[in-house]
Amino acid sequence: MLGWHHLLHFAVTKNYFQRREFSFTLRDDIYVRYQSFNSPQDLEKEIQKMCPYKIDIGAVYSHKPIQHNTVHMGAFQAQEKELVFDIDMTDYDDVRRCCSSAEICSKCWTLMTIAIRIIDRALVEDFGIKHRLWVYSGRRGVHCWVCDDSVRKWSSALRSAAVEYLSLVKGGEETIKKVTLSGKIHPFISESLNVLTPYFTEYALVGQDILGSKESYEKVLTLVPDSIREDLLQEFSKKKHDSVQRWELLKQKLEKSKTPHTEWEIMLQYCFPRLDINVSKGLSHLLKSPFSVHPKTGRISVPIDLKKLDEFDPFAVPTISCLCQELDTVRNDEGNGKENEGEAGSSRRIRDYKKTSLAPYVKVFERFLEEIEDSHRGERLQASDMQMQF
């Protein structure tokens, strides 16, 4: 039951787990919402019985979600939920050249690394948030679960305001210029540029080669002022320069034309995180459970260690078939060796996963839980000290 104990949140609230919504996607896209369970053990039994293809987690409601049809209309309300972010690579299709749609590769994965760094810095430094878990979706994106007590109680309006603050890339496919900066640059934007800049040359100019071909540099030049666009088009077509050299030329022209914001606007349009606002603003929105298996790739949705973020490789994440093989090997080795008589099945399972490639990811998750527990312990001690003073 690795992925669900955090849903208890060490809360003293009565029936907290029982009021949490779970949703299963079954075979043939049969979708079962508003399920709830008395204990993690009951949830485990239901998963074994139903064998869902996908498991999603929702809000904590005023009543047990399973009873939502029996509760008086209007009385059934979402009361608490982690603030969640969903960043999906498909939202970057207009600015990545290596892949499209559900495909990802090591070249474009840098976009997810940049997104995590920018959003995480803002959550900690701008919002004062402590407890956030970043999770690989198992296919083409990342999720963030913000678990601070106060944030879990935020209204939809507060969540919308937070996502609005974190959003810079505006407009759909028909919008050519998606980032517009004017006047004095807000500290959030300058801090985001500080995070992004070290990645830009290697990612955008070398990896994506955004100024390499006529088609790609024409696309970038739609974002520069009309006064210098024609000059740059001519310069780029005449000289056999690479993207790095062309970028330097572009910067020089922008400097002379006194439009410094344009350089930043291009960088942000090509690299800044693109958030799905609807996932974050609603309390009743569902998000895939950490440690569930992605039905399309077989990869496990694993927590990401922020201390080793640049090393994270989505293609090295354990798959369900690889874990099954590893568990078979562990059990065969044990069968050939000493028999573990009288050992309880559940404790054996706990020990077994530690011998698989999932172990380091579980460690990241356990560290995250310990930090929440330590924080709650600290708050309780502080509260008791205050009472003693009075």
# chains A, B, ... in the order shown; residues from 1 in each chain; ligands from 1

call {"tool": "closest_atom_pairs", "arguments": {"of": "range 68-173 of chain A", "to": "range 361-364 of chain A", "cutoff": "12 Å", "atoms": "only C-alpha atoms", "output": "JSON lines"}}
result
{"residue": "A:Arg132", "atom": "CA", "partner": "A:Val364", "partner_atom": "CA", "distance": 11.7}
{"residue": "A:Leu133", "atom": "CA", "partner": "A:Val364", "partner_atom": "CA", "distance": 9.1}
{"residue": "A:Trp134", "atom": "CA", "partner": "A:Val364", "partner_atom": "CA", "distance": 10.0}
{"residue": "A:Val135", "atom": "CA", "partner": "A:Tyr361", "partner_atom": "CA", "distance": 9.9}
{"residue": "A:Tyr136", "atom": "CA", "partner": "A:Tyr361", "partner_atom": "CA", "distance": 10.7}

call {"tool": "select_by_dssp", "arguments": {"residues": "range 171-242 of chain A", "states": "helix (DSSP H, G or I)", "output": "PyMOL selection string"}}
result
chain A and resi 187-207+214-221+226-238

call {"tool": "select_by_dssp", "arguments": {"residues": "range 209-344 of chain A", "states": "strand (DSSP E or B)", "output": "list in words"}}
result
Leu275, Leu287, Lys288, Val293, Arg299, Ile300, Pro303 and Thr319 of chain A

call {"tool": "residues_around", "arguments": {"residues": "Leu232 in chain A", "least_positions_apart": "3", "cutoff": "10 Å", "atoms": "only C-alpha atoms", "output": "list in words"}}
result
Tyr217, Glu218, Leu221, Val224, Ser227, Ile228, Arg229, Glu235, Phe236, Ser237, Lys238, Arg246, Leu249, Leu250 and Lys253 of chain A

call {"tool": "write_last_selection", "arguments": {"atoms": "C-alpha atoms", "output": "PDB file, in the first residue's frame"}}
result
ATOM      1  CA  TYR A 217      13.924  30.718 -37.613  1.00  0.00           C
ATOM      2  CA  GLU A 218      10.995  32.314 -39.463  1.00  0.00           C
ATOM      3  CA  LEU A 221      11.244  35.934 -35.964  1.00  0.00           C
ATOM      4  CA  VAL A 224      10.520  40.156 -32.897  1.00  0.00           C
ATOM      5  CA  SER A 227      11.571  47.093 -37.518  1.00  0.00           C
ATOM      6  CA  ILE A 228      14.309  44.438 -37.317  1.00  0.00           C
ATOM      7  CA  ARG A 229      12.552  41.328 -38.671  1.00  0.00           C
ATOM      8  CA  GLU A 235      21.153  38.024 -42.410  1.00  0.00           C
ATOM      9  CA  PHE A 236      20.014  34.494 -41.507  1.00  0.00           C
ATOM     10  CA  SER A 237      19.450  33.472 -45.136  1.00  0.00           C
ATOM     11  CA  LYS A 238      22.798  34.873 -46.345  1.00  0.00           C
ATOM     12  CA  ARG A 246      22.099  33.474 -34.991  1.00  0.00           C
ATOM     13  CA  LEU A 249      23.042  38.249 -33.854  1.00  0.00           C
ATOM     14  CA  LEU A 250      19.382  38.501 -32.826  1.00  0.00           C
ATOM     15  CA  LYS A 253      19.882  43.716 -33.117  1.00  0.00           C
TER      16      LYS A 253
END

call {"tool": "residues_around", "arguments": {"residues": "Cys322 in chain A", "least_positions_apart": "5", "cutoff": "9 Å", "atoms": "only C-alpha atoms", "output": "list in words"}}
result
Leu327, Thr356 and Ser357 of chain A

call {"tool": "atom_distance", "arguments": {"atom1": "CA of Ser375 in chain A", "atom2": "CA of Ala359 in chain A"}}
result
24.4 Å

call {"tool": "atom_distance", "arguments": {"atom1": "CA of Phe272 in chain A", "atom2": "CA of Thr113 in chain A"}}
result
10.6 Å

call {"tool": "closest_residue", "arguments": {"among": "A:His261, A:Arg121, A:Arg367, A:Arg377", "to": "Val195 in chain A", "atoms": "only C-alpha atoms"}}
result
A:Arg121

call {"tool": "residues_around", "arguments": {"residues": "Gln67 in chain A", "least_positions_apart": "3", "cutoff": "9 Å", "atoms": "only C-alpha atoms", "output": "list of chain:residue names"}}
result
A:Tyr34, A:Gln35, A:Ser36, A:His63, A:Lys64, A:Thr70, A:Val71

call {"tool": "atom_distance", "arguments": {"atom1": "CA of Glu215 in chain A", "atom2": "CA of Met267 in chain A"}}
result
18.0 Å

call {"tool": "residues_around", "arguments": {"residues": "Ile66 in chain A", "least_positions_apart": "3", "cutoff": "12 Å", "atoms": "only C-alpha atoms", "output": "count of residues only"}}
result
21

call {"tool": "residues_around", "arguments": {"residues": "Phe127 in chain A", "least_positions_apart": "4", "cutoff": "12 Å", "atoms": "only C-alpha atoms", "output": "list in words"}}
result
Ile119, Asp120, Arg121, Ala122, Leu123, His131, Arg132, Val146, Asp148, Ser150, Val151, Leu158, Arg159, Ala161, Ala162, Val163, Tyr165, Leu166 and Phe188 of chain A
